[in-house]
Structure formats: C-alpha cells, structure tokens
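One file, structure.txt, carrying compact mmCIF, C-alpha atoms (C1' of nucleotides):
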```
# COMPACT_ATOMS: atom_id res chain seq x y z
CA MET A 1 187.37 -19.59 -170.33
CA ALA A 2 186.72 -22.94 -171.87
CA GLY A 3 189.80 -25.07 -172.13
CA ARG A 4 191.02 -27.15 -175.01
CA ALA A 5 189.02 -29.70 -176.96
CA SER A 6 185.35 -29.28 -176.43
CA GLU A 7 183.77 -30.98 -179.43
CA TRP A 8 181.18 -33.65 -178.94
CA HIS A 9 181.91 -37.25 -179.78
CA LYS A 10 179.67 -40.26 -179.71
CA LEU A 11 179.78 -43.85 -178.80
CA PRO A 12 177.20 -46.43 -179.88
CA VAL A 13 175.34 -47.62 -176.77
CA SER A 14 171.73 -48.70 -176.44
CA LEU A 15 169.60 -47.49 -173.55
CA LYS A 16 169.34 -51.05 -172.30
CA GLU A 17 173.09 -51.20 -171.94
CA LEU A 18 173.40 -47.82 -170.26
CA CYS A 19 170.88 -45.24 -169.20
CA ILE A 20 172.70 -42.21 -167.82
CA ASN A 21 169.53 -40.53 -166.68
CA THR A 22 169.01 -43.40 -164.25
CA THR A 23 172.57 -44.45 -163.53
CA LEU A 24 173.84 -40.97 -162.72
CA ARG A 25 170.92 -40.17 -160.41
CA CYS A 26 170.33 -43.38 -158.50
CA GLY A 27 172.51 -42.49 -155.54
CA GLN A 28 175.75 -44.27 -156.33
CA SER A 29 177.53 -41.07 -157.31
CA PHE A 30 176.80 -37.61 -155.95
CA ARG A 31 178.88 -35.59 -158.36
CA TRP A 32 176.76 -35.23 -161.50
CA ARG A 33 175.10 -31.93 -162.19
CA LYS A 34 172.61 -31.00 -164.82
CA SER A 35 174.52 -28.58 -167.07
CA ALA A 36 171.74 -28.19 -169.66
CA GLU A 37 168.53 -29.93 -170.61
CA ASP A 38 169.30 -33.66 -170.74
CA GLU A 39 172.97 -33.00 -170.15
CA TRP A 40 175.02 -34.17 -167.17
CA SER A 41 178.46 -32.95 -166.22
CA ALA A 42 181.12 -33.47 -163.58
CA ALA A 43 184.84 -32.91 -163.18
CA LEU A 44 186.67 -36.20 -163.35
CA HIS A 45 190.35 -37.04 -163.82
CA GLY A 46 191.34 -33.45 -164.43
CA ARG A 47 188.70 -32.67 -167.04
CA ILE A 48 185.04 -31.77 -167.21
CA LEU A 49 183.05 -34.61 -168.71
CA SER A 50 179.61 -33.94 -170.16
CA PHE A 51 177.12 -36.49 -171.38
CA ARG A 52 173.97 -36.63 -173.42
CA GLN A 53 172.21 -39.69 -174.68
CA ASP A 54 169.78 -40.72 -177.39
CA ALA A 55 168.37 -44.11 -178.34
CA SER A 56 171.50 -45.24 -180.14
CA HIS A 57 174.43 -43.23 -178.80
CA LEU A 58 176.13 -41.81 -175.78
CA HIS A 59 177.38 -38.35 -176.65
CA TYR A 60 180.31 -37.03 -174.70
CA ARG A 61 182.59 -34.05 -174.44
CA ALA A 62 185.70 -33.37 -172.41
CA ILE A 63 186.87 -29.90 -171.45
CA PHE A 64 190.41 -29.59 -170.19
CA PRO A 65 191.91 -26.73 -168.21
CA SER A 66 193.37 -24.12 -170.54
CA THR A 67 196.72 -24.28 -168.80
CA ASN A 68 198.50 -27.58 -169.11
CA ALA A 69 198.79 -27.75 -165.39
CA THR A 70 199.79 -30.79 -163.41
CA PRO A 71 197.35 -33.66 -163.48
CA THR A 72 195.07 -34.03 -160.50
CA SER A 73 194.81 -36.77 -157.95
CA LEU A 74 194.29 -39.60 -160.37
CA PRO A 75 196.87 -41.02 -162.71
CA THR A 76 196.51 -40.82 -166.45
CA PRO A 77 195.04 -44.02 -167.80
CA PRO A 78 197.59 -46.46 -169.16
CA ALA A 79 197.94 -46.66 -172.90
CA SER A 80 196.78 -50.27 -172.92
CA ASN A 81 193.24 -49.07 -172.54
CA VAL A 82 193.31 -46.57 -175.36
CA PRO A 83 191.00 -47.62 -178.15
CA SER A 84 193.08 -45.37 -180.45
CA GLU A 85 191.51 -42.88 -182.88
CA SER A 86 192.35 -39.30 -181.98
CA ASP A 87 191.89 -39.98 -178.33
CA ASP A 88 195.29 -38.90 -177.11
CA ASP A 89 193.85 -37.80 -173.78
CA ASN A 90 192.19 -41.19 -173.46
CA THR A 91 188.77 -39.82 -172.61
CA LEU A 92 187.21 -42.80 -174.32
CA GLY A 93 189.23 -45.14 -172.14
CA LEU A 94 188.13 -43.22 -169.10
CA ILE A 95 184.47 -43.44 -170.14
CA ASN A 96 184.69 -47.16 -170.79
CA HIS A 97 186.23 -47.61 -167.39
CA TYR A 98 183.98 -45.26 -165.43
CA PHE A 99 180.74 -46.58 -166.88
CA ASN A 100 182.01 -50.12 -166.59
CA LEU A 101 180.91 -50.78 -170.16
CA GLU A 102 182.53 -54.19 -170.60
CA PRO A 103 179.79 -56.48 -169.23
CA ASN A 104 176.74 -57.18 -171.40
CA LEU A 105 174.01 -55.71 -169.24
CA ALA A 106 170.98 -57.05 -171.07
CA GLN A 107 172.40 -60.51 -170.61
CA LEU A 108 172.95 -59.92 -166.91
CA TYR A 109 169.37 -58.67 -166.51
CA ASP A 110 168.14 -61.86 -168.19
CA GLN A 111 170.22 -63.90 -165.83
CA TRP A 112 168.92 -62.15 -162.71
CA ALA A 113 165.36 -62.28 -164.01
CA ALA A 114 165.63 -66.01 -164.66
CA SER A 115 166.41 -66.68 -161.02
CA ASP A 116 164.08 -64.19 -159.38
CA ALA A 117 160.42 -63.44 -160.06
CA ASN A 118 160.58 -60.14 -158.21
CA PHE A 119 163.44 -58.91 -160.35
CA ARG A 120 161.53 -60.07 -163.41
CA LYS A 121 158.63 -57.89 -162.35
CA LYS A 122 160.48 -54.75 -161.26
CA ALA A 123 163.44 -54.47 -163.60
CA PRO A 124 161.83 -53.85 -167.02
CA LYS A 125 161.19 -50.17 -166.28
CA PHE A 126 164.70 -49.71 -164.96
CA THR A 127 166.97 -51.04 -167.64
CA GLY A 128 170.42 -49.65 -168.26
CA VAL A 129 171.41 -49.24 -164.62
CA ARG A 130 175.15 -49.72 -164.51
CA ILE A 131 177.42 -49.95 -161.50
CA LEU A 132 179.95 -47.18 -161.97
CA ARG A 133 183.63 -47.66 -161.28
CA GLN A 134 184.22 -44.62 -159.16
CA ASP A 135 187.39 -43.51 -157.54
CA PRO A 136 187.65 -45.39 -154.20
CA TRP A 137 188.61 -42.33 -152.18
CA GLU A 138 185.75 -40.30 -153.57
CA ALA A 139 183.32 -43.12 -152.90
CA LEU A 140 184.60 -43.46 -149.35
CA ILE A 141 184.04 -39.82 -148.45
CA GLY A 142 180.78 -39.61 -150.36
CA PHE A 143 179.27 -42.49 -148.47
CA ILE A 144 180.55 -41.28 -145.12
CA CYS A 145 178.38 -38.26 -145.89
CA SER A 146 175.42 -40.53 -146.60
CA SER A 147 174.61 -41.61 -143.05
CA ASN A 148 171.22 -40.43 -141.85
CA ASN A 149 170.99 -38.36 -144.95
CA ASN A 150 169.19 -37.96 -148.25
CA ILE A 151 170.54 -37.88 -151.78
CA SER A 152 169.95 -34.21 -152.40
CA ARG A 153 171.77 -33.13 -149.28
CA ILE A 154 174.59 -35.64 -149.78
CA SER A 155 175.06 -34.21 -153.26
CA SER A 156 175.28 -30.66 -151.98
CA MET A 157 177.73 -31.69 -149.28
CA VAL A 158 179.98 -33.46 -151.79
CA HIS A 159 179.69 -30.45 -154.03
CA ASN A 160 180.88 -28.28 -151.16
CA LEU A 161 183.87 -30.54 -150.55
CA CYS A 162 184.92 -30.17 -154.18
CA LYS A 163 184.26 -26.45 -154.23
CA HIS A 164 186.33 -25.68 -151.12
CA TYR A 165 189.04 -28.33 -151.26
CA GLY A 166 189.23 -29.65 -154.80
CA PRO A 167 191.19 -28.25 -157.75
CA LEU A 168 189.25 -26.04 -160.14
CA ILE A 169 189.09 -27.70 -163.54
CA GLY A 170 186.97 -25.28 -165.56
CA HIS A 171 183.57 -23.75 -166.12
CA ILE A 172 180.33 -24.51 -167.91
CA ASN A 173 177.94 -21.58 -168.23
CA ASP A 174 180.09 -19.67 -165.74
CA GLU A 175 179.58 -22.46 -163.23
CA PRO A 176 182.86 -23.68 -161.77
CA TYR A 177 183.64 -27.41 -161.80
CA HIS A 178 186.10 -28.81 -159.27
CA ASP A 179 187.64 -32.24 -159.11
CA PHE A 180 187.31 -34.25 -155.92
CA PRO A 181 189.82 -33.25 -153.21
CA THR A 182 192.76 -35.47 -152.32
CA PRO A 183 193.10 -37.04 -148.86
CA GLU A 184 195.86 -34.54 -148.11
CA ALA A 185 193.61 -31.61 -148.94
CA LEU A 186 191.02 -32.86 -146.45
CA ALA A 187 193.61 -33.69 -143.79
CA VAL A 188 194.45 -30.09 -142.94
CA PRO A 189 193.54 -29.05 -139.40
CA GLU A 190 190.85 -26.46 -140.20
CA VAL A 191 188.68 -28.96 -142.06
CA GLU A 192 186.50 -30.20 -139.24
CA ALA A 193 185.46 -26.76 -138.00
CA HIS A 194 184.94 -25.53 -141.53
CA LEU A 195 182.78 -28.49 -142.55
CA MET A 196 180.82 -28.05 -139.37
CA LYS A 197 180.11 -24.50 -140.41
CA LEU A 198 179.10 -25.75 -143.84
CA GLY A 199 176.41 -27.90 -142.26
CA PHE A 200 178.04 -31.33 -142.36
CA GLY A 201 177.01 -31.98 -138.77
CA TYR A 202 178.63 -34.90 -137.00
CA ARG A 203 180.04 -36.13 -140.33
CA ALA A 204 182.58 -33.30 -140.26
CA LYS A 205 184.56 -35.18 -137.65
CA TYR A 206 184.30 -38.47 -139.54
CA ILE A 207 185.64 -36.91 -142.72
CA ALA A 208 188.48 -35.09 -140.98
CA LYS A 209 189.54 -38.22 -139.09
CA THR A 210 189.29 -40.50 -142.08
CA ALA A 211 191.21 -38.06 -144.28
CA ARG A 212 194.02 -37.88 -141.74
CA MET A 213 194.06 -41.63 -141.36
CA VAL A 214 194.36 -42.18 -145.09
CA ALA A 215 196.71 -39.29 -145.79
CA GLU A 216 199.09 -39.73 -142.88
CA GLU A 217 198.73 -43.32 -141.81
CA LYS A 218 197.39 -45.86 -144.22
CA GLY A 219 198.03 -44.15 -147.53
CA LEU A 220 195.97 -44.02 -150.68
CA ALA A 221 197.82 -47.09 -151.95
CA TRP A 222 196.31 -49.05 -149.08
CA LEU A 223 192.81 -48.06 -150.14
CA GLU A 224 193.41 -48.72 -153.81
CA GLY A 225 195.02 -52.01 -152.93
CA LEU A 226 191.64 -53.18 -151.67
CA CYS A 227 190.28 -53.08 -155.23
CA ASN A 228 189.09 -56.18 -156.98
CA PRO A 229 192.24 -57.17 -158.94
CA GLU A 230 190.08 -57.79 -162.00
CA SER A 231 188.87 -54.21 -161.73
CA PRO A 232 191.69 -51.96 -160.53
CA VAL A 233 191.51 -48.18 -160.19
CA PHE A 234 192.21 -47.84 -163.84
CA GLY A 235 192.90 -50.18 -166.72
CA LYS A 236 192.30 -53.83 -167.14
CA GLY A 237 193.16 -56.22 -164.37
CA THR A 238 194.83 -59.53 -164.79
CA ALA A 239 194.88 -61.25 -161.44
CA PRO A 240 191.94 -63.52 -160.62
CA ALA A 241 189.58 -62.27 -157.94
CA GLY A 242 189.07 -65.56 -156.10
CA GLU A 243 186.28 -68.03 -155.60
CA MET A 244 182.75 -66.94 -154.85
CA GLU A 245 181.37 -68.00 -151.49
CA ASP A 246 178.19 -67.24 -149.56
CA GLY A 247 179.81 -64.29 -147.87
CA GLY A 248 181.49 -63.15 -151.05
CA ARG A 249 185.04 -63.59 -152.29
CA GLU A 250 187.91 -63.33 -149.86
CA GLY A 251 189.15 -60.06 -151.33
CA TYR A 252 185.74 -58.50 -150.82
CA ARG A 253 185.51 -59.66 -147.23
CA LYS A 254 188.99 -58.35 -146.52
CA ALA A 255 188.21 -54.99 -148.10
CA GLN A 256 185.01 -54.62 -146.10
CA ALA A 257 186.76 -55.58 -142.86
CA GLU A 258 189.62 -53.13 -143.40
CA LEU A 259 187.33 -50.26 -144.25
CA LEU A 260 185.51 -50.73 -140.95
CA ALA A 261 188.59 -49.40 -139.17
CA LEU A 262 187.86 -45.93 -140.51
CA HIS A 263 185.81 -43.49 -138.49
CA GLY A 264 182.30 -43.05 -139.81
CA VAL A 265 182.47 -46.30 -141.74
CA GLY A 266 180.11 -49.07 -140.68
CA PRO A 267 179.03 -52.16 -142.63
CA LYS A 268 176.70 -50.31 -144.97
CA VAL A 269 179.15 -47.55 -145.92
CA ALA A 270 181.95 -50.10 -146.29
CA ASP A 271 179.77 -52.13 -148.65
CA CYS A 272 178.96 -49.07 -150.74
CA VAL A 273 182.68 -48.34 -151.11
CA CYS A 274 183.31 -51.98 -152.02
CA LEU A 275 180.57 -52.00 -154.65
CA PHE A 276 180.85 -48.54 -156.19
CA GLY A 277 184.53 -47.79 -155.64
CA LEU A 278 186.45 -51.04 -155.35
CA GLY A 279 184.79 -53.18 -157.99
CA TRP A 280 183.42 -55.89 -155.69
CA SER A 281 180.15 -56.64 -157.44
CA GLU A 282 178.94 -59.11 -154.82
CA SER A 283 178.82 -56.43 -152.15
CA VAL A 284 175.21 -55.84 -151.09
CA PRO A 285 174.80 -52.69 -149.00
CA VAL A 286 171.73 -53.09 -146.81
CA ASP A 287 170.29 -49.76 -145.78
CA THR A 288 166.85 -49.00 -144.41
CA HIS A 289 165.56 -48.99 -147.94
CA VAL A 290 166.95 -52.39 -148.90
CA TRP A 291 165.78 -53.61 -145.51
CA GLN A 292 162.25 -52.59 -146.49
CA ILE A 293 162.58 -54.35 -149.83
CA ALA A 294 163.81 -57.47 -148.07
CA GLN A 295 160.82 -57.40 -145.75
CA ARG A 296 158.23 -56.58 -148.36
CA ASP A 297 159.42 -58.74 -151.25
CA TYR A 298 161.59 -61.45 -149.71
CA LYS A 299 159.83 -62.23 -146.43
CA PHE A 300 162.63 -61.11 -144.18
CA GLY A 301 162.05 -60.05 -140.60
CA LYS A 302 158.33 -60.55 -140.56
CA GLY A 303 158.55 -61.38 -136.87
CA LYS A 304 157.37 -59.13 -134.06
CA HIS A 305 160.38 -57.07 -133.12
CA ALA A 306 162.24 -57.37 -136.36
CA SER A 307 165.06 -54.92 -136.72
CA LEU A 308 168.07 -54.63 -138.92
CA THR A 309 170.62 -56.28 -136.66
CA GLN A 310 174.08 -57.23 -137.81
CA ALA A 311 172.95 -60.83 -138.18
CA MET A 312 169.97 -59.73 -140.23
CA TYR A 313 172.24 -57.60 -142.40
CA VAL A 314 174.48 -60.55 -143.22
CA ALA A 315 171.52 -62.88 -143.79
CA ILE A 316 169.96 -60.51 -146.32
CA ALA A 317 173.22 -59.89 -148.15
CA ASN A 318 173.96 -63.63 -148.30
CA HIS A 319 170.46 -64.37 -149.52
CA PHE A 320 170.83 -61.95 -152.41
CA ARG A 321 174.26 -63.33 -153.26
CA LYS A 322 172.81 -66.81 -153.39
CA LEU A 323 169.89 -65.61 -155.47
CA TRP A 324 171.75 -63.50 -158.03
CA GLY A 325 175.32 -64.71 -157.83
CA LYS A 326 178.59 -62.87 -158.29
CA GLU A 327 176.96 -59.61 -159.44
CA ALA A 328 174.42 -59.54 -156.61
CA GLY A 329 175.25 -55.95 -155.72
CA TRP A 330 174.47 -54.91 -159.24
CA ALA A 331 171.08 -56.64 -159.28
CA HIS A 332 170.35 -55.20 -155.86
CA SER A 333 171.07 -51.71 -157.18
CA VAL A 334 168.49 -52.18 -159.92
CA LEU A 335 165.82 -53.03 -157.38
CA PHE A 336 166.99 -50.24 -155.13
CA THR A 337 166.63 -47.80 -158.01
CA ALA A 338 163.20 -49.16 -158.85
CA ASP A 339 162.14 -48.28 -155.32
CA LEU A 340 163.62 -44.79 -155.28
CA LYS A 341 160.82 -42.32 -154.98
CA ALA A 342 162.60 -39.93 -157.29
CA PHE A 343 161.76 -42.44 -160.03
CA SER A 344 158.28 -43.33 -158.86
CA ASP A 345 156.76 -41.68 -161.92
CA ARG A 346 157.80 -44.73 -163.90
CA ILE A 347 155.74 -47.00 -161.71
CA THR A 348 152.64 -44.82 -161.76
CA ALA A 349 153.15 -43.47 -165.25
CA LYS A 350 149.75 -44.49 -166.53
CA VAL A 351 147.93 -42.98 -163.59
CA GLU A 352 149.80 -39.71 -163.99
CA ILE A 353 148.79 -39.31 -167.60
CA LYS A 354 145.17 -39.97 -166.77
CA GLU A 355 145.24 -37.36 -164.05
CA GLU A 356 146.65 -34.81 -166.38
CA GLU A 357 144.04 -35.49 -168.99
CA VAL A 358 141.26 -35.14 -166.49
CA LEU A 359 142.66 -31.93 -165.11
CA VAL A 360 143.16 -30.37 -168.46
CA LYS A 361 139.65 -31.32 -169.44
CA THR A 362 138.05 -29.89 -166.35
CA GLU A 363 139.77 -26.59 -166.78
CA PRO A 364 138.65 -25.19 -170.08
CA GLY A 365 140.67 -22.04 -169.56
CA GLY A 366 143.58 -24.12 -170.70
CA SER A 367 145.95 -24.99 -167.93
CA LEU A 368 149.29 -26.62 -167.97
CA LEU A 369 150.37 -29.15 -165.43
CA VAL A 370 154.02 -29.33 -164.67
CA ASP A 371 155.19 -31.94 -162.25
CA GLU A 372 158.76 -31.72 -161.22
CA VAL A 373 160.61 -33.89 -158.81
CA VAL A 374 161.80 -31.62 -156.08
CA LYS A 375 162.94 -34.08 -153.52
CA LYS A 376 162.85 -37.80 -153.14
CA ASP A 377 159.29 -38.31 -152.19
CA THR A 378 157.63 -35.15 -153.23
CA ILE A 379 156.88 -33.38 -156.41
CA LYS A 380 156.03 -29.80 -156.90
CA ARG A 381 152.97 -29.40 -159.04
CA LYS A 382 152.66 -26.12 -160.79
CA ARG A 383 149.39 -25.23 -162.31
CA VAL A 384 149.91 -22.49 -164.79
CA LYS A 385 146.80 -20.77 -165.99
CA LYS A 386 147.06 -18.69 -169.07
CA GLU A 387 144.97 -15.75 -170.14
CA PRO A 388 142.80 -16.41 -173.15
CA GLU A 389 144.28 -13.44 -174.92
CA ALA A 390 147.96 -12.91 -174.84
CA ASN A 391 149.29 -9.90 -173.07
CA GLU A 392 152.80 -9.15 -171.90
CA GLN A 393 152.32 -11.15 -168.78
CA GLN A 394 151.24 -14.53 -170.01
CA VAL A 395 151.26 -16.25 -166.72
CA VAL A 396 148.50 -14.81 -164.64
CA GLU A 397 148.52 -17.18 -161.78
CA ILE A 398 150.95 -19.73 -160.59
CA LYS A 399 149.75 -21.98 -157.87
CA GLU A 400 152.16 -24.31 -156.26
CA GLU A 401 151.20 -27.16 -154.09
CA VAL A 402 153.41 -29.79 -152.69
CA VAL A 403 151.77 -33.14 -152.35
CA ARG A 404 152.89 -36.56 -151.35
CA ARG A 405 153.33 -38.95 -154.20
CA SER A 406 151.51 -41.75 -152.52
CA LYS A 407 148.47 -39.68 -151.80
CA ARG A 408 148.21 -38.24 -155.22
CA SER A 409 146.55 -41.17 -156.86
CA ARG A 410 143.70 -40.91 -154.44
CA ALA A 411 143.52 -37.17 -154.33
CA ARG A 412 141.10 -35.66 -156.79
C1' DG B 1 176.17 -60.67 -128.81
C1' DG B 2 172.22 -57.79 -129.11
C1' DT B 3 169.71 -53.31 -127.92
C1' DA B 4 168.93 -48.56 -126.98
C1' DC B 5 170.31 -43.90 -127.71
C1' DA B 6 172.56 -39.76 -129.29
C1' DC B 7 174.16 -37.48 -133.19
C1' DC B 8 174.08 -32.60 -137.14
C1' DT B 9 170.82 -30.84 -140.32
C1' DC B 10 167.00 -30.31 -143.28
C1' DA B 11 162.33 -31.03 -144.87
C1' DT B 12 157.88 -32.64 -144.13
C1' DG B 13 153.76 -33.96 -141.51
C1' DT B 14 150.78 -33.20 -137.44
C1' DA C 1 153.86 -22.58 -134.41
C1' DA C 2 156.14 -25.89 -131.73
C1' DC C 3 157.16 -30.84 -132.08
C1' DA C 4 157.96 -35.43 -134.12
C1' DT C 5 159.78 -38.16 -137.73
C1' DG C 6 162.84 -39.92 -141.17
C1' DA C 7 166.54 -39.38 -144.37
C1' DG C 8 170.58 -44.89 -148.35
C1' DG C 9 174.01 -45.17 -140.31
C1' DT C 10 177.68 -45.14 -136.94
C1' DG C 11 179.72 -45.00 -132.38
C1' DT C 12 179.04 -45.94 -127.56
C1' DA C 13 177.42 -47.64 -123.34
```
Go through the file and emit its structure as structure tokens.
Amino acid sequence: MAGRASEWHKLPVSLKELCINTTLRCGQSFRWRKSAEDEWSAALHGRILSFRQDASHLHYRAIFPSTNATPTSLPTPPASNVPSESDDDNTLGLINHYFNLEPNLAQLYDQWAASDANFRKKAPKFTGVRILRQDPWEALIGFICSSNNNISRISSMVHNLCKHYGPLIGHINDEPYHDFPTPEALAVPEVEAHLMKLGFGYRAKYIAKTARMVAEEKGLAWLEGLCNPESPVFGKGTAPAGEMEDGGREGYRKAQAELLALHGVGPKVADCVCLFGLGWSESVPVDTHVWQIAQRDYKFGKGKHASLTQAMYVAIANHFRKLWGKEAGWAHSVLFTADLKAFSDRITAKVEIKEEEVLVKTEPGGSLLVDEVVKKDTIKRKRVKKEPEANEQQVVEIKEEVVRRSKRSRAR
DNA sequence: GGTACACCTCATGT
DNA sequence: AACATGAGGTGTA
C-alpha cells in the first residue's frame, strides 16, 4: 500500500549541475535502484525517494509509510533548511542536502579544467557528477563491503543489509524498500554468521565488529562528530573547517586517522567515508583504478617494481590536492567516473553508432541491435531477428553473445 | 618501513 | 572443465 503524498514535484536543475544517471551509478552510493525507465529510487530518511530528470528539471517524489510510525535512524531535518512552500516534511531540504546542490558545479569544472589538461580532456562527457552527502554510517558500511569487490555485488550486498536489518519503508511495484539499518541492528550476535551465509565472505566479520564498535563503544555521535563542520549530517554548518594543507585540513586528517581504528577500514575505505559521508571534499581515495589513472595520465610509478605502497598512496592524493585544490576529491571522482567501464559507451559513442549502422545494413532481414551494460566491463549484445511477416511469435531467434568492450572495436 | 600473502565470492578468460 | 585472474582492499606476519 502506497503511503501518503506521492505526487511528483520538480526543481529547476540543468544537467551540467546534476546528472542523476551518472551521479547515482558511479559507485559512491550503492542504494539506488531502477524503479522504472529513467527512474531511480531508494529509501532515505524514512521515506522512499524517487527521481527522474529532463534537460531543465529534477523531478522527485516522496512516499511515506502509511502509518505515522516513529522516524528511522536519522533525525528530521531542522526547520532552518526548509525552503518553505508546502514542504512540511522537508523533502526539498533533504534533496538539497543529499545532492549537495549548493556549489556551482559548472564553475568548479571550469576551475579544475583550468589547472589540468587531462581534466579538460576527460570531463566534458561527464558533466553533472556531484559528490553526494550520504549518511556517514551508511557510507562506512557500504565501503567496508567494497574491498576486493565490484559495484554490482557491493550493491546487492548493501541491498541485503537493508532487506534483512533495515526498517521497511514502503513498496514500489510490489518491491519492498528498506532504509539502511542502524548500528544497533547490525550489532546483534547472529549477524556475522548470517552475513556469511548471505555471501559477504570475510567482510561479514568486518561489518559485525565495526557495528559493535560503533553501537557499544564509540557511538554514532563519535562518527558524526568527524563530519566537516561546514557540512554536518544535516543542515547548514557554521563552524569553519580549517586551513587547507598538502595533506588536507586538520579535521579531514583526524577523521581519516580515527576511522582507521575500525576493523575492515584501511586508508582507501576511510577516504571514501570522509569524501562521501563526512563532507571532506579534499579526500582522495586511491584504489587500483585511481592508481591506474595516476600511472597512465600523471606519470606516477613508472618505475620497475611500482606498486601502490602507503607512500605512493599519499603522494598521489597530495598531488591531486595540489592540482585541484580543496575539492580535489570531487574532481578525482569525475575522472574516476570517466574511466568506469560501465560508462565506456560515452567514450566510444561514435564507434558504436557506426558498428550498428554497418550491422543493420549487412543484415537485410532487418535486425535490431540491443547493447545493454550487464556488468562493469561487459555488455550483452542481443541480436533480435524478426520475421518478415508478423506472426504471433515475432522474435524468431535471439542470439546472445557476451563480448569484451575493448575488443569490440576491432571485432567485425 | 616496506613486501608478500591470505581472504570470501563471483564472473570472466584461458 | 579445471584453473587463473581481478574486482573501487585490509589484516598479518
């Protein structure tokens, strides 16, 4: 049963300022599900949020539980952030906060482009990538799941956490949507064995330990206290965030250092939590992917036995901070996204179209090519041949072949 | 301090 | 069909 208030509203936003199709899929959040064509939904702050976007507007809808039950883990946004206008539940305030809509993104892109030729070259096809302001606890657990893992599996693991340990908020198309579980919910003794059974592998122990540590020892207030004071968990901050240095501001360095005490949290995961959950925009998480970018485009580690040591990690992060400044983590995320194979169609767009044309031409029977991104580096190509005359079974033959992206341009 | 190596699981390539 | 590799790493020796 759909809860209260499910009309669509809209907010004027250009695609250069926010592109949800990129931002919600680039691996900073693992919660968003496709609820319809060009529609993304997730349970957040005790409601189901859905988004669509066109060239001029972000369209949104909030569905609340039919019962006026107790609010979930996160506090209701303070009234100071309410832009008024029939927004008594402050969904608009939540959206402004979550999408981090305050900064002028086009201006930031210009700034990063001005100081970096590589950014200038790569960024134009990946405009509108915004750093989300996610809940710190959710970001922490999500990125603990990310070690030695890929986006599609991380997403399904996070989905499982919500499904088994998070409060049910509502349904869309009979699909249940759960909010993210609290630390307490994940601190119960059965969690580790259960997650193990759910296929979390060695991360089951990390999650169980970290949940207990936060729930019983450090407290959620400790985690939220690591936030950038200019960008607290919700609302507008007042306190200054400190002076920028090579290694980042003091608050960032402290947050990163404290997070390292948690099980399953190394430098990379800590930096992801800092950037995506705590509002420290200078945090530059260096994973194998960024390491490759640093080698390929910024001449790092070209030596013989170059490996991503701790020293190398810091050197790369510092280099990017010096290059792009206070929002280095943001700029880095744009380049990271540009390198994601799930988006590689944007790089090879022209080639793809040519291939299709050729294939259609060479098959006079009239065939349809449907490329869909199945996983990060593969696409599933369906060739659907249709009978010349229509009968009840239109699709006579469906061939599926899975091919590597990189090889495709040469194949055929 | 820097370097191997194991670690759960899943998908893909050989 | 078994085996290796890598996936947005971390903990340990």
Exercise for the section: Please indicate the distance in Å from CA of Lys125 (chain A) to CA of Arg346 (chain A), rounded to one decimal place. Expected result: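 Taking CA of Lys125 (chain A) as the start and CA of Arg346 (chain A) as the end point, the length is 6.8 Å.
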Exercise for the section: Mind giving me the straight-line distance from CA of Gln107 (chain A) to CA of Lys341 (chain A) in Å, one decimal? Expected result: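 Rounded to one decimal, the two atoms are 26.6 Å apart.
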Write out, as CSV, each residue of chain A that has an atom at most 10 Å from chain C, together with the closest pair of atoms and their distance in Å to one decimal, counting only C-alpha atoms (C1' of nucleotides), rows going by chain and rising number.
```
residue,atom,partner,partner_atom,distance
A:Gly27,CA,C:DG8,C1',7.8
A:Gln28,CA,C:DG8,C1',9.5
A:Phe143,CA,C:DG8,C1',9.0
A:Ile144,CA,C:DG9,C1',9.0
A:Cys145,CA,C:DG9,C1',9.9
A:Ser146,CA,C:DG8,C1',6.7
A:Ser147,CA,C:DG9,C1',4.5
A:Asn148,CA,C:DA7,C1',5.4
A:Asn149,CA,C:DA7,C1',4.6
A:Asn150,CA,C:DA7,C1',4.9
A:Ile151,CA,C:DG8,C1',7.8
A:Arg153,CA,C:DA7,C1',9.5
A:Arg203,CA,C:DT10,C1',9.9
A:Tyr206,CA,C:DT10,C1',9.8
A:His263,CA,C:DT10,C1',8.4
A:Gly264,CA,C:DT10,C1',5.8
A:Val265,CA,C:DT10,C1',6.9
A:Gly266,CA,C:DT10,C1',5.9
A:Pro267,CA,C:DG9,C1',8.9
A:Lys268,CA,C:DG9,C1',7.4
A:Val269,CA,C:DG9,C1',8.0
A:Cys272,CA,C:DG8,C1',9.7
A:Pro285,CA,C:DG8,C1',8.9
A:Val286,CA,C:DG8,C1',8.4
A:Asp287,CA,C:DG8,C1',5.5
A:Thr288,CA,C:DG8,C1',6.8
A:His289,CA,C:DG8,C1',6.5
A:Val290,CA,C:DG8,C1',8.4
A:Phe336,CA,C:DG8,C1',9.4
A:Leu340,CA,C:DG8,C1',9.8
A:Lys376,CA,C:DA7,C1',9.6
```
Exercise for the section: Return as a list in words the residues belonging to chain A that are within 8 Å of chain B, counting all atoms listed in the file. Expected result: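 The complete set of qualifying residues is Gly199, Phe200, Gly201, Tyr202, Arg203 and Thr309 of chain A.
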Handout entry: Close residues, region 37-40 of chain A itself excluded, 7 Å, only C-alpha atoms (C1' of nucleotides), min 6 positions apart in chain, as a list in words
Key = Ser50, Phe51 and Arg52 of chain A
Practice task
Take CA of Cys274 (chain A) and CA of Ala255 (chain A) and report the distance between them in Å, one decimal.
Solution key: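 Distance reported for this atom pair: 7.0 Å.
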Practice task
Would you kindly return, as a list in words, each protein, DNA or RNA residue with an atom no farther than 8 Å from any atom of Phe99 (chain A), considering only C-alpha atoms (C1' of nucleotides) and excluding same-chain residues fewer than 4 positions away?
Solution key: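 After dropping sequence-adjacent residues, the list is Ile95, Arg130, Ile131, Leu132 and Arg133 of chain A.
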Problem - Pick from A:Met244, A:Leu44, A:Ala338, A:Val233 nearest to Arg321 (chain A), counting all atoms listed in the file - result: A:Met244
